[in-house]
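**Student:** Would you mind keeping the following structure in view while I ask a few things?
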Amino acid sequence: MLYRQPADSVKLLAASKQQDAATVRQAYAAGIRDYGENYLQEALCKIEALADLDICWHFIGPIQTNKTSGIASHFDWVHSVSRLKVAQRLSKHRPAQLTPLNVCVQINLSAETTKAGVSLTAAEALCDEIQQLPRLQLRGLMSIPAPVNDILAQRQNFHPLAALYRRLQQRYSHFDTLSMGMSGDYEAAIAEGSTLIRIGSDLFGKRS
Ligand SMILES: *Cc1c(COP(=O)(O)O)cnc(C)c1O
């Protein structure tokens, strides 16, 4: 049996890399509250320019260890945690006056084509470690599978991730986010149980 998420429970995150603050402001006026950024410097300018809005900021890009302090201070969520060292630093740098930083563990579903993320088999041990960190709240899993066009192949890629997500849901409380699906594959992701899709080009147009 394929798992089906009720249609109204999928959250839309706007992947706003390369979009300026004015564009994000327009998207906000249209009702989008969650934004994903990939580069800390670029994000900090927008976060400052849009401080008057009630935006939930998500860091979705690769994390260099020297950026963990800035990320932990200015974001509400991080989707791209795949190393314990990075998680420990995010926890250490999360300011005391803020609520714990929400994190998803990034899973590598296509080891041949990309290095980003922890393998499916190593994910559970990493989640167990992150769960112990005082200033992080483990919320779920994220992945960026290698692009394929065929929707059945896309679903096959997402399927083991969704299975792991449901298994870990039995293990952790507050584990409620399966961050999968982008412009090219969100339909397959939703069919496989995504709770959050990260959409860039389908919202803002093709990036340069
Ligand atoms: C850019 C980006 C997206 C959005 O990609 P589109 O194909 O433009 O929808 C989603 N997730 C991550 C991590 C990204 O870097």
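Chain lettering (A, B, ...) mirrors the order of the structure tokens, residue numbering begins at 1 for each chain separately, and ligand numbering begins at 1 in order of display.
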Would you mind listing the residues within 7 Å of ligand 1, counting only C-alpha atoms and all ligand atoms, as an mmCIF file with N, CA, C and O atoms, in the first residue's frame?

**Tutor:**
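Now in result-v6.cif:
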```cif
data_model
loop_
_atom_site.group_PDB
_atom_site.id
_atom_site.type_symbol
_atom_site.label_atom_id
_atom_site.label_comp_id
_atom_site.auth_asym_id
_atom_site.auth_seq_id
_atom_site.Cartn_x
_atom_site.Cartn_y
_atom_site.Cartn_z
ATOM 1 N N ALA A 15 11.886 28.361 -2.149
ATOM 2 C CA ALA A 15 13.353 28.364 -2.213
ATOM 3 C C ALA A 15 13.767 29.679 -2.872
ATOM 4 O O ALA A 15 13.643 29.852 -4.077
ATOM 5 N N LYS A 17 16.701 31.421 -3.014
ATOM 6 C CA LYS A 17 18.067 31.787 -3.409
ATOM 7 C C LYS A 17 18.029 32.577 -4.723
ATOM 8 O O LYS A 17 17.206 32.289 -5.597
ATOM 9 N N ASN A 38 20.144 29.194 0.756
ATOM 10 C CA ASN A 38 21.281 28.282 0.624
ATOM 11 C C ASN A 38 22.622 28.866 1.055
ATOM 12 O O ASN A 38 23.554 28.117 1.313
ATOM 13 N N ILE A 60 18.724 25.657 3.810
ATOM 14 C CA ILE A 60 18.600 24.407 3.053
ATOM 15 C C ILE A 60 19.860 24.068 2.252
ATOM 16 O O ILE A 60 19.870 23.097 1.502
ATOM 17 N N GLY A 61 20.920 24.876 2.405
ATOM 18 C CA GLY A 61 22.133 24.668 1.598
ATOM 19 C C GLY A 61 23.205 23.894 2.343
ATOM 20 O O GLY A 61 23.048 23.549 3.514
ATOM 21 N N ILE A 144 17.568 15.519 -1.536
ATOM 22 C CA ILE A 144 17.558 16.072 -2.893
ATOM 23 C C ILE A 144 18.018 14.949 -3.819
ATOM 24 O O ILE A 144 19.207 14.807 -4.068
ATOM 25 N N MET A 182 10.910 19.131 -5.164
ATOM 26 C CA MET A 182 11.283 20.434 -5.709
ATOM 27 C C MET A 182 10.436 20.637 -6.979
ATOM 28 O O MET A 182 9.532 19.842 -7.250
ATOM 29 N N SER A 183 10.728 21.682 -7.749
ATOM 30 C CA SER A 183 9.865 21.975 -8.904
ATOM 31 C C SER A 183 9.706 20.768 -9.827
ATOM 32 O O SER A 183 8.623 20.520 -10.353
ATOM 33 N N GLY A 184 10.803 20.029 -10.016
ATOM 34 C CA GLY A 184 10.770 18.938 -10.991
ATOM 35 C C GLY A 184 10.162 17.633 -10.493
ATOM 36 O O GLY A 184 9.906 16.726 -11.302
ATOM 37 N N ARG A 198 9.926 22.067 -1.361
ATOM 38 C CA ARG A 198 10.781 23.242 -1.480
ATOM 39 C C ARG A 198 10.788 23.670 -2.950
ATOM 40 O O ARG A 198 11.410 23.006 -3.780
ATOM 41 N N ILE A 199 10.083 24.749 -3.265
ATOM 42 C CA ILE A 199 9.872 25.124 -4.658
ATOM 43 C C ILE A 199 10.559 26.457 -4.971
ATOM 44 O O ILE A 199 10.312 27.462 -4.302
ATOM 45 N N GLY A 200 11.440 26.434 -5.981
ATOM 46 C CA GLY A 200 12.106 27.652 -6.434
ATOM 47 C C GLY A 200 11.587 28.093 -7.793
ATOM 48 O O GLY A 200 10.744 28.975 -7.906
ATOM 49 N N SER A 201 12.078 27.443 -8.835
ATOM 50 C CA SER A 201 11.794 27.928 -10.195
ATOM 51 C C SER A 201 10.313 27.912 -10.567
ATOM 52 O O SER A 201 9.855 28.794 -11.295
ATOM 53 N N ASP A 202 9.544 26.996 -10.076
ATOM 54 C CA ASP A 202 8.107 26.998 -10.406
ATOM 55 C C ASP A 202 7.375 28.195 -9.805
ATOM 56 O O ASP A 202 6.300 28.560 -10.271
#
```

**Student:** Mind checking DSSP for stretch 3-162 of chain A and telling me the strand (DSSP E or B) residues as a ChimeraX atom specification?

**Tutor:** /A:11-15,34-37,56-59,77-81,101-107,118,136-143

**Student:** For A:Leu12, please output as a count of residues only all residues within 9 Å (counting only C-alpha atoms; exclusion window: fewer than 4 positions along the same chain).

**Tutor:** 9

**Student:** Where in stretch 83-115 of chain A does DSSP assign alpha helix (DSSP H), given as a list in words?

**Tutor:**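 Everything in stretch 83-115 of chain A that counts as alpha helix (DSSP H) is Leu84, Lys85, Val86, Ala87, Gln88, Arg89, Leu90, Ser91, Lys92 and His93 of chain A.
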
**Student:** Show which residues sit within 9 Å of A:Leu164, as a list in words. Count only C-alpha atoms, and ignore same-chain residues fewer than 3 positions away.

**Tutor:**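 The neighbour list is Leu120, Ala123, Glu124, Leu141, His159, Pro160, Leu161, Arg167, Leu168 and Gln169 of chain A.
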
**Student:** Atoms to include: N, CA, C and O atoms. Write the selected residues as a compact mmCIF listing (two decimals), in the first residue's frame.

**Tutor:**
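Saved as again-v4.txt:
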```
# COMPACT_ATOMS: atom_id res chain seq x y z
N LEU A 120 21.23 6.26 3.89
CA LEU A 120 20.04 5.75 4.57
C LEU A 120 20.42 4.88 5.75
O LEU A 120 19.80 4.93 6.81
N ALA A 123 21.70 6.91 8.80
CA ALA A 123 20.84 8.01 9.24
C ALA A 123 20.32 7.83 10.66
O ALA A 123 20.29 8.78 11.45
N GLU A 124 19.95 6.62 10.99
CA GLU A 124 19.32 6.41 12.29
C GLU A 124 20.29 6.71 13.43
O GLU A 124 19.92 7.36 14.43
N LEU A 141 13.38 14.45 8.14
CA LEU A 141 14.38 14.08 7.13
C LEU A 141 14.18 14.94 5.88
O LEU A 141 13.08 15.38 5.58
N HIS A 159 10.77 6.61 -2.19
CA HIS A 159 10.08 5.60 -1.38
C HIS A 159 10.86 5.14 -0.13
O HIS A 159 10.30 5.13 0.97
N PRO A 160 12.15 4.78 -0.26
CA PRO A 160 12.87 4.33 0.95
C PRO A 160 13.04 5.43 1.98
O PRO A 160 13.09 5.16 3.19
N LEU A 161 13.11 6.67 1.53
CA LEU A 161 13.21 7.80 2.46
C LEU A 161 11.93 7.91 3.28
O LEU A 161 11.96 8.08 4.51
N ARG A 167 9.29 5.02 9.99
CA ARG A 167 9.84 4.17 11.05
C ARG A 167 10.37 5.04 12.21
O ARG A 167 10.13 4.76 13.38
N LEU A 168 11.07 6.12 11.85
CA LEU A 168 11.65 6.97 12.90
C LEU A 168 10.57 7.76 13.64
O LEU A 168 10.77 8.16 14.79
N GLN A 169 9.44 7.96 12.99
CA GLN A 169 8.34 8.63 13.68
C GLN A 169 7.88 7.87 14.92
O GLN A 169 7.38 8.46 15.87
```

**Student:** Restricting the calculation to only C-alpha atoms, which member of A:Gln97, A:His79, A:Ser91, A:Asp128 is positioned closest to A:Ser143?

**Tutor:**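 Closest to A:Ser143 of all the choices is A:His79.
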
**Student:** Could you give me, as CSV, a per-residue list for stretch 117-150 of chain A showing, wherever an atom lies at most 8 Å from an atom of stretch 85-88 of chain A, the closest pair of atoms and their distance in Å to one decimal, using only C-alpha atoms and sorting by chain then residue number from low to high?

**Tutor:**
```
residue,atom,partner,partner_atom,distance
A:Ile130,CA,A:Ala87,CA,6.6
A:Leu133,CA,A:Gln88,CA,7.0
A:Leu136,CA,A:Ala87,CA,8.0
```

**Student:** Can you list, as a CSV table (one decimal) with C-alpha atoms, in the first residue's frame, every protein, DNA or RNA residue that comes within 7 Å of A:Ser73 when you count only C-alpha atoms, leaving out same-chain residues fewer than 4 positions away?

**Tutor:**
```csv
chain,number,residue,atom,x,y,z
A,69,SER,CA,27.1,30.3,14.4
A,94,ARG,CA,22.0,28.4,19.2
A,95,PRO,CA,21.3,31.6,21.3
```

**Student:** Determine the nearest neighbour of A:Cys56 from the options A:Leu101, A:Leu84, A:Val148, A:Ala153, counting only C-alpha atoms.

**Tutor:**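 Among A:Leu101, A:Leu84, A:Val148, A:Ala153, it is A:Leu101 that comes nearest to A:Cys56.
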
**Student:** I'd like the neighbourhood of stretch 106-112 of chain A as a ChimeraX atom specification, where a residue qualifies if any of its atoms comes within 7 Å (using only C-alpha atoms), though same-chain residues fewer than 5 positions away should be ignored.

**Tutor:** /A:79-82,117-120,141-143,145-146,157

**Student:** With only C-alpha atoms as the basis for distance, which of A:Leu203, A:Ala96, A:Cys104, A:Ala30 is at the shortest distance from A:Phe59?

**Tutor:**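 The closest residue to A:Phe59 is A:Cys104.
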
**Student:** Just want the 7 Å neighbourhood of A:Thr68, counted on only C-alpha atoms, with same-chain residues fewer than 4 positions away dropped. Output as a list in words.

**Tutor:**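 Once the nearby chain positions are removed, what remains is Ala72, Arg89 and Leu90 of chain A.
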
**Student:** With only C-alpha atoms as the basis for distance, which of A:Ala43, A:Ala188, A:Ile71, A:Ala22 is at the shortest distance from A:Lys92?

**Tutor:**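 Among the listed residues, the smallest separation from A:Lys92 belongs to A:Ile71.
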
**Student:** Suppose you want the space between atom CA of A:Lys11 and atom CA of A:Ala162; what is it in Å?

**Tutor:**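 Between atom CA of A:Lys11 and atom CA of A:Ala162 the gap is 16.0 Å.
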